[in-house]
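Data block for protein.txt (compact mmCIF, C-alpha atoms and all ligand atoms):
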# COMPACT_ATOMS: atom_id res chain seq x y z
CA MET J 932 9.57 -12.26 -3.02
CA ILE J 933 9.11 -8.76 -4.40
CA ALA J 934 8.42 -5.77 -2.10
CA VAL J 935 6.64 -2.71 -3.51
CA ASP J 936 6.42 0.29 -1.18
CA GLY J 937 5.46 3.93 -1.56
CA PRO J 938 2.90 6.58 -0.61
CA ALA J 939 -0.82 6.59 -1.49
CA ALA J 940 -1.67 6.65 -5.22
CA ALA J 941 1.93 6.20 -6.40
CA GLY J 942 0.84 3.21 -8.52
CA LYS J 943 1.87 0.36 -6.18
CA GLY J 944 -1.30 -1.71 -6.45
CA THR J 945 -1.44 -1.78 -10.24
CA LEU J 946 2.27 -2.53 -10.50
CA ALA J 947 2.21 -5.25 -7.82
CA ARG J 948 -0.72 -7.02 -9.51
CA ARG J 949 1.02 -6.97 -12.89
CA LEU J 950 4.34 -8.17 -11.48
CA ALA J 951 2.60 -11.06 -9.71
CA GLU J 952 0.99 -12.09 -12.99
CA ARG J 953 4.24 -11.77 -14.93
CA TYR J 954 6.35 -13.85 -12.51
CA GLY J 955 3.65 -16.34 -11.42
CA LEU J 956 3.60 -15.07 -7.83
CA ARG J 957 0.71 -14.42 -5.42
CA HIS J 958 -0.18 -10.81 -4.56
CA LEU J 959 -1.12 -9.20 -1.25
CA ASP J 960 -2.19 -5.56 -1.00
CA THR J 961 -1.24 -5.08 2.66
CA GLY J 962 -3.09 -1.75 2.85
CA LEU J 963 -6.30 -3.80 2.79
CA LEU J 964 -5.37 -5.32 6.17
CA TYR J 965 -5.11 -1.89 7.80
CA ARG J 966 -8.27 -0.79 5.99
CA ALA J 967 -10.13 -3.88 7.22
CA ALA J 968 -9.12 -3.16 10.82
CA ALA J 969 -10.22 0.47 10.37
CA LEU J 970 -13.57 -0.53 8.85
CA ARG J 971 -14.27 -2.88 11.78
CA LEU J 972 -13.66 0.03 14.16
CA LEU J 973 -15.73 2.54 12.18
CA ARG J 974 -18.67 0.12 11.97
CA ALA J 975 -18.46 -0.52 15.71
CA GLY J 976 -18.45 3.23 16.37
CA SER J 977 -14.95 2.98 17.94
CA ASP J 978 -12.18 5.55 17.70
CA PRO J 979 -9.27 4.49 15.40
CA ALA J 980 -6.91 6.53 17.62
CA GLN J 981 -7.55 4.13 20.56
CA ALA J 982 -4.63 1.67 20.49
CA ALA J 983 -6.24 -1.21 22.41
CA ALA J 984 -9.46 -1.21 20.37
CA ALA J 985 -7.45 -0.88 17.15
CA ALA J 986 -5.18 -3.80 18.05
CA ALA J 987 -8.21 -5.98 18.87
CA ALA J 988 -9.80 -5.06 15.52
CA ALA J 989 -6.55 -5.90 13.68
CA ALA J 990 -6.30 -9.26 15.46
CA GLY J 991 -9.83 -10.08 14.26
CA VAL J 992 -9.20 -9.39 10.54
CA THR J 993 -10.01 -12.41 8.35
CA ASP J 994 -9.65 -13.12 4.62
CA ASP J 995 -13.39 -12.53 4.20
CA ASP J 996 -12.99 -8.91 5.38
CA LEU J 997 -10.65 -8.17 2.48
CA ALA J 998 -13.35 -8.45 -0.21
CA ASP J 999 -15.58 -5.65 1.16
CA PRO J 1000 -15.93 -2.85 -1.47
CA ALA J 1001 -16.25 -0.29 1.35
CA LEU J 1002 -12.54 -0.79 2.07
CA ARG J 1003 -11.76 1.51 -0.88
CA ASP J 1004 -13.61 4.50 0.59
CA GLU J 1005 -11.47 7.54 1.37
CA ASP J 1006 -12.65 7.81 4.99
CA VAL J 1007 -11.57 4.20 5.51
CA GLY J 1008 -8.14 5.04 4.02
CA GLN J 1009 -7.76 7.96 6.43
CA ALA J 1010 -8.82 5.83 9.40
CA ALA J 1011 -6.46 3.05 8.22
CA SER J 1012 -3.57 5.49 8.35
CA VAL J 1013 -4.50 6.39 11.97
CA VAL J 1014 -4.89 2.70 12.90
CA ALA J 1015 -1.56 1.86 11.22
CA ALA J 1016 0.37 4.20 13.51
CA HIS J 1017 -0.19 1.89 16.53
CA GLY J 1018 2.73 -0.48 17.08
CA ALA J 1019 0.33 -3.11 18.50
CA VAL J 1020 -1.72 -3.05 15.29
CA ARG J 1021 1.37 -3.53 13.13
CA GLU J 1022 2.49 -6.38 15.38
CA ALA J 1023 -0.93 -8.06 15.08
CA LEU J 1024 -0.76 -7.98 11.27
CA LEU J 1025 2.90 -8.94 10.86
CA GLY J 1026 2.60 -12.74 11.12
CA LEU J 1027 -0.14 -12.90 8.52
CA GLN J 1028 1.92 -10.88 6.02
CA ARG J 1029 5.09 -12.89 6.58
CA ALA J 1030 3.20 -16.19 6.29
CA PHE J 1031 1.70 -15.02 2.98
CA ALA J 1032 5.15 -14.03 1.69
CA ALA J 1033 6.76 -17.31 2.75
CA ARG J 1034 4.32 -19.63 0.96
CA ALA J 1035 5.39 -21.14 -2.38
CA PRO J 1036 5.79 -20.04 -5.10
CA GLY J 1037 6.51 -16.62 -3.55
CA ALA J 1038 4.67 -13.33 -3.54
CA VAL J 1039 4.53 -9.66 -4.35
CA LEU J 1040 3.50 -7.58 -1.32
CA ASP J 1041 2.71 -3.90 -1.64
CA GLY J 1042 2.47 -1.44 1.24
CA ARG J 1043 4.53 1.04 3.22
CA ASP J 1044 7.00 -1.08 5.21
CA ILE J 1045 7.40 -4.28 3.20
CA GLY J 1046 11.05 -3.76 2.26
CA THR J 1047 11.98 -2.26 5.64
CA VAL J 1048 10.10 -4.38 8.21
CA VAL J 1049 7.82 -7.12 6.84
CA CYS J 1050 10.26 -8.70 4.39
CA PRO J 1051 13.69 -7.12 4.85
CA ASP J 1052 15.21 -10.06 2.93
CA ALA J 1053 13.00 -9.61 -0.16
CA ARG J 1054 14.85 -10.52 -3.36
CA VAL J 1055 13.72 -7.29 -5.04
CA LYS J 1056 12.59 -4.04 -3.39
CA LEU J 1057 10.89 -1.32 -5.38
CA TYR J 1058 9.92 2.09 -4.00
CA LEU J 1059 7.43 4.11 -6.04
CA GLU J 1060 7.21 7.87 -5.70
CA ALA J 1061 5.21 10.58 -7.50
CA SER J 1062 4.53 14.24 -6.85
CA THR J 1063 1.67 15.01 -4.48
CA GLU J 1064 -0.26 16.79 -7.26
CA VAL J 1065 0.02 13.84 -9.65
CA ARG J 1066 -1.08 11.42 -6.95
CA ALA J 1067 -4.06 13.61 -6.03
CA ALA J 1068 -5.08 13.82 -9.71
CA ARG J 1069 -4.88 10.02 -10.01
CA ARG J 1070 -6.94 9.53 -6.86
CA LEU J 1071 -9.56 11.97 -8.18
CA CYS J 1072 -9.80 9.98 -11.46
CA GLU J 1073 -10.12 6.73 -9.55
CA LEU J 1074 -12.87 8.16 -7.33
CA ARG J 1075 -14.75 9.50 -10.39
CA SER J 1076 -14.47 6.11 -12.13
CA ARG J 1077 -16.26 4.65 -9.10
CA GLY J 1078 -18.96 7.33 -9.34
CA VAL J 1079 -17.69 9.26 -6.29
CA GLU J 1080 -17.60 13.04 -6.80
CA SER J 1081 -14.94 15.01 -4.93
CA ILE J 1082 -13.02 18.24 -5.40
CA ASP J 1083 -9.32 18.63 -6.23
CA SER J 1084 -8.39 20.57 -3.10
CA ARG J 1085 -10.10 18.07 -0.79
CA VAL J 1086 -8.35 15.07 -2.37
CA LEU J 1087 -5.02 16.91 -2.25
CA ASP J 1088 -5.51 17.74 1.46
CA GLU J 1089 -6.39 14.13 2.23
CA ILE J 1090 -3.31 12.79 0.43
CA MET J 1091 -1.09 15.28 2.26
CA ALA J 1092 -2.60 14.40 5.64
CA ARG J 1093 -2.12 10.67 4.99
CA ASP J 1094 1.47 11.18 3.74
CA ALA J 1095 2.35 13.16 6.86
CA ARG J 1096 0.93 10.48 9.20
CA ASP J 1097 2.49 7.56 7.30
CA ARG J 1098 5.94 9.19 7.12
CA ARG J 1099 6.12 10.65 10.63
CA ARG J 1100 4.85 7.79 12.76
CA SER J 1101 7.46 6.08 14.92
CA ALA J 1102 6.26 2.51 14.17
CA ALA J 1103 7.54 1.38 10.74
CA PRO J 1104 7.29 4.79 9.03
CA LEU J 1105 7.02 5.03 5.26
CA LYS J 1106 10.53 5.30 3.82
CA PRO J 1107 12.55 3.52 1.15
CA ALA J 1108 14.67 0.56 2.29
CA ALA J 1109 18.39 1.29 1.92
CA ASP J 1110 18.60 -1.33 -0.85
CA ALA J 1111 15.36 -0.38 -2.67
CA CYS J 1112 15.26 0.78 -6.31
CA SER J 1113 13.15 3.93 -6.59
CA ILE J 1114 10.93 4.74 -9.55
CA ASP J 1115 9.40 8.20 -9.89
CA THR J 1116 6.08 7.53 -11.62
CA SER J 1117 5.00 11.21 -11.93
CA ALA J 1118 5.56 11.36 -15.69
CA LEU J 1119 5.05 7.65 -16.48
CA ASP J 1120 1.95 5.68 -17.41
CA ALA J 1121 1.22 2.25 -15.91
CA ASP J 1122 2.88 0.40 -18.84
CA GLU J 1123 6.09 2.45 -18.50
CA VAL J 1124 6.23 1.84 -14.75
CA PHE J 1125 5.74 -1.88 -15.38
CA GLU J 1126 8.53 -1.97 -18.02
CA ARG J 1127 10.99 -0.25 -15.68
CA ALA J 1128 10.08 -2.53 -12.81
CA VAL J 1129 10.47 -5.67 -14.98
CA ALA J 1130 13.92 -4.46 -16.09
CA ILE J 1131 14.93 -4.06 -12.42
CA VAL J 1132 13.48 -7.43 -11.37
CA ASP J 1133 15.12 -9.25 -14.32
CA SER J 1134 18.50 -7.70 -13.61
CA ARG J 1135 18.24 -8.67 -9.90
CA LEU J 1136 17.24 -12.21 -10.84
CA SER J 1137 20.08 -12.63 -13.33
CA SER J 1138 22.66 -11.32 -10.86
CA ALA J 1139 21.40 -13.59 -8.03
O1 LIG N 1 -2.16 1.43 0.56
P1 LIG N 1 -3.45 1.93 1.20
O2 LIG N 1 -3.84 3.30 0.76
O3 LIG N 1 -4.57 0.96 1.01
O4 LIG N 1 -3.13 1.97 2.77
C1 LIG N 1 -4.02 2.50 3.72
C2 LIG N 1 -3.24 2.92 4.96
O5 LIG N 1 -2.71 1.75 5.60
C3 LIG N 1 -2.03 3.80 4.69
O6 LIG N 1 -2.34 5.18 4.76
C4 LIG N 1 -1.04 3.41 5.75
C5 LIG N 1 -1.43 2.01 6.11
N1 LIG N 1 -0.48 0.98 5.64
C6 LIG N 1 0.65 0.78 6.40
O7 LIG N 1 0.87 1.49 7.37
N2 LIG N 1 1.53 -0.22 6.07
C7 LIG N 1 1.31 -0.98 5.00
N3 LIG N 1 2.18 -1.96 4.69
C8 LIG N 1 0.17 -0.76 4.17
C9 LIG N 1 -0.70 0.25 4.52
Go ahead and express the file in the form of structure tokens.
Amino acid sequence: MIAVDGPAAAGKGTLARRLAERYGLRHLDTGLLYRAAALRLLRAGSDPAQAAAAAAAAAGVTDDDLADPALRDEDVGQAASVVAAHGAVREALLGLQRAFAARAPGAVLDGRDIGTVVCPDARVKLYLEASTEVRAARRLCELRSRGVESIDSRVLDEIMARDARDRRRSAAPLKPAADACSIDTSALDADEVFERAVAIVDSRLSSA
């Protein structure tokens, strides 16, 4: 079991996918669960800040919800970050994540609280960081590649708002686990991040 945590656009998703492929593990992007709950609420015209409605939406998330392309939209990401601050929502999604992690042959989970709350016994814990400016530039590129036009300052504001909510919430806030290995990806490309992560995973595996 490999945990990959970090803030938005730090490179977690790409790294987690590649690690899963390399080590023959399954991969779960746990952000999609919070996004799916948020999308259910937005489509129903409900307020993501309402804890009871948010918890009910989270309890209703199914595998089919996770394939919806609308999950990637920035407004869904913002709403997901609001939804994710409710303890009842996190509780509703915990069993599903732990069950995924426990199934053979093992898994790579990426998110915000995998190493701290979801899988505190993960064999390897990685924490990716990058400067806010670099992460905003990456998000802008990703949006453009999907044909979505946005402006630098707006993307930067959105990343900062999401960071603040994810780090300051009382329920499972974003922070590195005490035993996590941090990688600052600001000046690294995806291949370099992958190489560093593989070196960490291999050294953990050989010392276990
Ligand atoms: O990783 P992402 O951008 O898809 O996540 C969307 C939001 O979901 C993020 O701002 C916070 C929340 N989230 C969380 O609280 N815990 C996780 N394990 C994954 C995501």
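The coordinates place atom O5 of ligand LIG 1 (chain N) at 15.3 Å from atom CA of Arg1070 of chain J.
Comparing the minimum interatomic distances between ligand LIG 1 (chain N) and each of J:Leu1119, J:Leu956, J:Ala1030, J:Val1048, counting only C-alpha atoms and all ligand atoms, we find that J:Val1048 sits nearest.
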Discussion item. What does the list of residues within 8 Å of ligand LIG 1 (chain N) look like if you count all atoms listed in the file, written as a PyMOL selection string?
Written reply: chain J and resi 936+938-940+943-944+960-966+1003+1007-1016+1021+1041-1045+1049+1093-1094+1096-1097+1103-1105
Restricting to all atoms listed in the file, whichever of J:Val1065, J:Val1129, J:Gly991, J:Leu1087 is closest to Glu952 of chain J is J:Val1129
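Nearest-residue note for Leu1024 of chain J: choosing from J:Ala988, J:Gly976, J:Ala941, J:Ala1095, the minimum distance belongs to J:Ala988, counting only C-alpha atoms.
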Inset, instruction - Would you mind listing what lies within 12 Å of Thr1047 of chain J as a PyMOL selection string, with all atoms listed in the file counted and same-chain residues fewer than 6 positions away left out? - result: chain J and resi 934-937+1041+1053+1055-1058+1102-1111
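Those residues that approach Phe1031 of chain J to within 10 Å, counting only C-alpha atoms, are Arg957, His958, Leu959, Gly1026, Gly1037, Ala1038, Val1039 and Leu1040 of chain J; same-chain residues fewer than 5 positions away are not listed.
Interatomic distance, atom CA of Ile1131 of chain J to atom CA of Thr1063 of chain J: 24.5 Å.
The two atoms in question, atom CA of Gly942 of chain J and atom CA of Asp1122 of chain J, are spaced 10.9 Å apart.
In this comparison, which uses only C-alpha atoms, the residue of J:Arg1069, J:Arg1054, J:Ala951, J:Ala998 approaching Ser1137 of chain J most closely is J:Arg1054.
Between Arg948 of chain J and the residues J:Glu1080, J:Arg1100, J:Ser977, J:Ile933, the shortest atom-to-atom distance, using all atoms listed in the file, involves J:Ile933.
Distance check against Arg1077 of chain J using all atoms listed in the file: of J:Ala982, J:Leu1136, J:Val1020, J:Ala1001, the minimum falls on J:Ala1001.
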Calculate, to one decimal in Å, the centre and edge lengths of the box along x, y and z of the file that holds all listed atoms of segment 940-957 of chain J with 5 Å of margin on each side, and present them as AutoDock Vina command-line options.
--center_x 2.3 --center_y -4.8 --center_z -10.1 --size_x 18.0 --size_y 33.0 --size_z 19.7
Using the atoms already present, construct N, CA and C atoms for segment 1064-1086 of chain J and hand them back as a PDB file, in the coordinates of the input.
ATOM      1  N   GLU J1064       0.796  16.338  -6.346  1.00  0.00           N
ATOM      2  CA  GLU J1064      -0.260  16.790  -7.260  1.00  0.00           C
ATOM      3  C   GLU J1064      -0.672  15.666  -8.211  1.00  0.00           C
ATOM      4  N   VAL J1065       0.325  14.948  -8.727  1.00  0.00           N
ATOM      5  CA  VAL J1065       0.020  13.840  -9.650  1.00  0.00           C
ATOM      6  C   VAL J1065      -0.769  12.761  -8.913  1.00  0.00           C
ATOM      7  N   ARG J1066      -0.381  12.470  -7.695  1.00  0.00           N
ATOM      8  CA  ARG J1066      -1.080  11.420  -6.950  1.00  0.00           C
ATOM      9  C   ARG J1066      -2.513  11.840  -6.627  1.00  0.00           C
ATOM     10  N   ALA J1067      -2.697  13.127  -6.314  1.00  0.00           N
ATOM     11  CA  ALA J1067      -4.060  13.610  -6.030  1.00  0.00           C
ATOM     12  C   ALA J1067      -4.918  13.534  -7.299  1.00  0.00           C
ATOM     13  N   ALA J1068      -4.323  13.873  -8.456  1.00  0.00           N
ATOM     14  CA  ALA J1068      -5.080  13.820  -9.710  1.00  0.00           C
ATOM     15  C   ALA J1068      -5.479  12.378 -10.027  1.00  0.00           C
ATOM     16  N   ARG J1069      -4.572  11.445  -9.763  1.00  0.00           N
ATOM     17  CA  ARG J1069      -4.880  10.020 -10.010  1.00  0.00           C
ATOM     18  C   ARG J1069      -6.003   9.545  -9.088  1.00  0.00           C
ATOM     19  N   ARG J1070      -5.909   9.963  -7.820  1.00  0.00           N
ATOM     20  CA  ARG J1070      -6.940   9.530  -6.860  1.00  0.00           C
ATOM     21  C   ARG J1070      -8.298  10.085  -7.254  1.00  0.00           C
ATOM     22  N   LEU J1071      -8.308  11.349  -7.754  1.00  0.00           N
ATOM     23  CA  LEU J1071      -9.560  11.970  -8.180  1.00  0.00           C
ATOM     24  C   LEU J1071     -10.174  11.176  -9.340  1.00  0.00           C
ATOM     25  N   CYS J1072      -9.325  10.780 -10.314  1.00  0.00           N
ATOM     26  CA  CYS J1072      -9.800   9.980 -11.460  1.00  0.00           C
ATOM     27  C   CYS J1072     -10.382   8.665 -10.984  1.00  0.00           C
ATOM     28  N   GLU J1073      -9.675   8.041 -10.045  1.00  0.00           N
ATOM     29  CA  GLU J1073     -10.120   6.730  -9.550  1.00  0.00           C
ATOM     30  C   GLU J1073     -11.477   6.881  -8.844  1.00  0.00           C
ATOM     31  N   LEU J1074     -11.609   7.949  -8.041  1.00  0.00           N
ATOM     32  CA  LEU J1074     -12.870   8.160  -7.330  1.00  0.00           C
ATOM     33  C   LEU J1074     -14.000   8.376  -8.345  1.00  0.00           C
ATOM     34  N   ARG J1075     -13.711   9.203  -9.378  1.00  0.00           N
ATOM     35  CA  ARG J1075     -14.750   9.500 -10.390  1.00  0.00           C
ATOM     36  C   ARG J1075     -15.155   8.225 -11.118  1.00  0.00           C
ATOM     37  N   SER J1076     -14.159   7.355 -11.399  1.00  0.00           N
ATOM     38  CA  SER J1076     -14.470   6.110 -12.130  1.00  0.00           C
ATOM     39  C   SER J1076     -15.364   5.211 -11.280  1.00  0.00           C
ATOM     40  N   ARG J1077     -15.374   5.435  -9.969  1.00  0.00           N
ATOM     41  CA  ARG J1077     -16.260   4.650  -9.100  1.00  0.00           C
ATOM     42  C   ARG J1077     -17.553   5.418  -8.795  1.00  0.00           C
ATOM     43  N   GLY J1078     -17.729   6.566  -9.503  1.00  0.00           N
ATOM     44  CA  GLY J1078     -18.960   7.330  -9.340  1.00  0.00           C
ATOM     45  C   GLY J1078     -18.967   8.218  -8.103  1.00  0.00           C
ATOM     46  N   VAL J1079     -17.764   8.423  -7.486  1.00  0.00           N
ATOM     47  CA  VAL J1079     -17.690   9.260  -6.290  1.00  0.00           C
ATOM     48  C   VAL J1079     -17.189  10.644  -6.699  1.00  0.00           C
ATOM     49  N   GLU J1080     -18.018  11.674  -6.453  1.00  0.00           N
ATOM     50  CA  GLU J1080     -17.600  13.040  -6.800  1.00  0.00           C
ATOM     51  C   GLU J1080     -16.808  13.654  -5.644  1.00  0.00           C
ATOM     52  N   SER J1081     -15.710  14.322  -5.972  1.00  0.00           N
ATOM     53  CA  SER J1081     -14.940  15.010  -4.930  1.00  0.00           C
ATOM     54  C   SER J1081     -14.323  16.233  -5.583  1.00  0.00           C
ATOM     55  N   ILE J1082     -13.664  17.078  -4.809  1.00  0.00           N
ATOM     56  CA  ILE J1082     -13.020  18.240  -5.400  1.00  0.00           C
ATOM     57  C   ILE J1082     -11.505  18.148  -5.217  1.00  0.00           C
ATOM     58  N   ASP J1083     -10.779  18.735  -6.201  1.00  0.00           N
ATOM     59  CA  ASP J1083      -9.320  18.630  -6.230  1.00  0.00           C
ATOM     60  C   ASP J1083      -8.680  18.943  -4.878  1.00  0.00           C
ATOM     61  N   SER J1084      -9.088  20.108  -4.300  1.00  0.00           N
ATOM     62  CA  SER J1084      -8.390  20.570  -3.100  1.00  0.00           C
ATOM     63  C   SER J1084      -8.617  19.608  -1.927  1.00  0.00           C
ATOM     64  N   ARG J1085      -9.795  18.996  -1.892  1.00  0.00           N
ATOM     65  CA  ARG J1085     -10.100  18.070  -0.790  1.00  0.00           C
ATOM     66  C   ARG J1085      -9.236  16.810  -0.911  1.00  0.00           C
ATOM     67  N   VAL J1086      -9.144  16.285  -2.149  1.00  0.00           N
ATOM     68  CA  VAL J1086      -8.350  15.070  -2.370  1.00  0.00           C
ATOM     69  C   VAL J1086      -6.882  15.356  -2.065  1.00  0.00           C
TER      70      VAL J1086
END
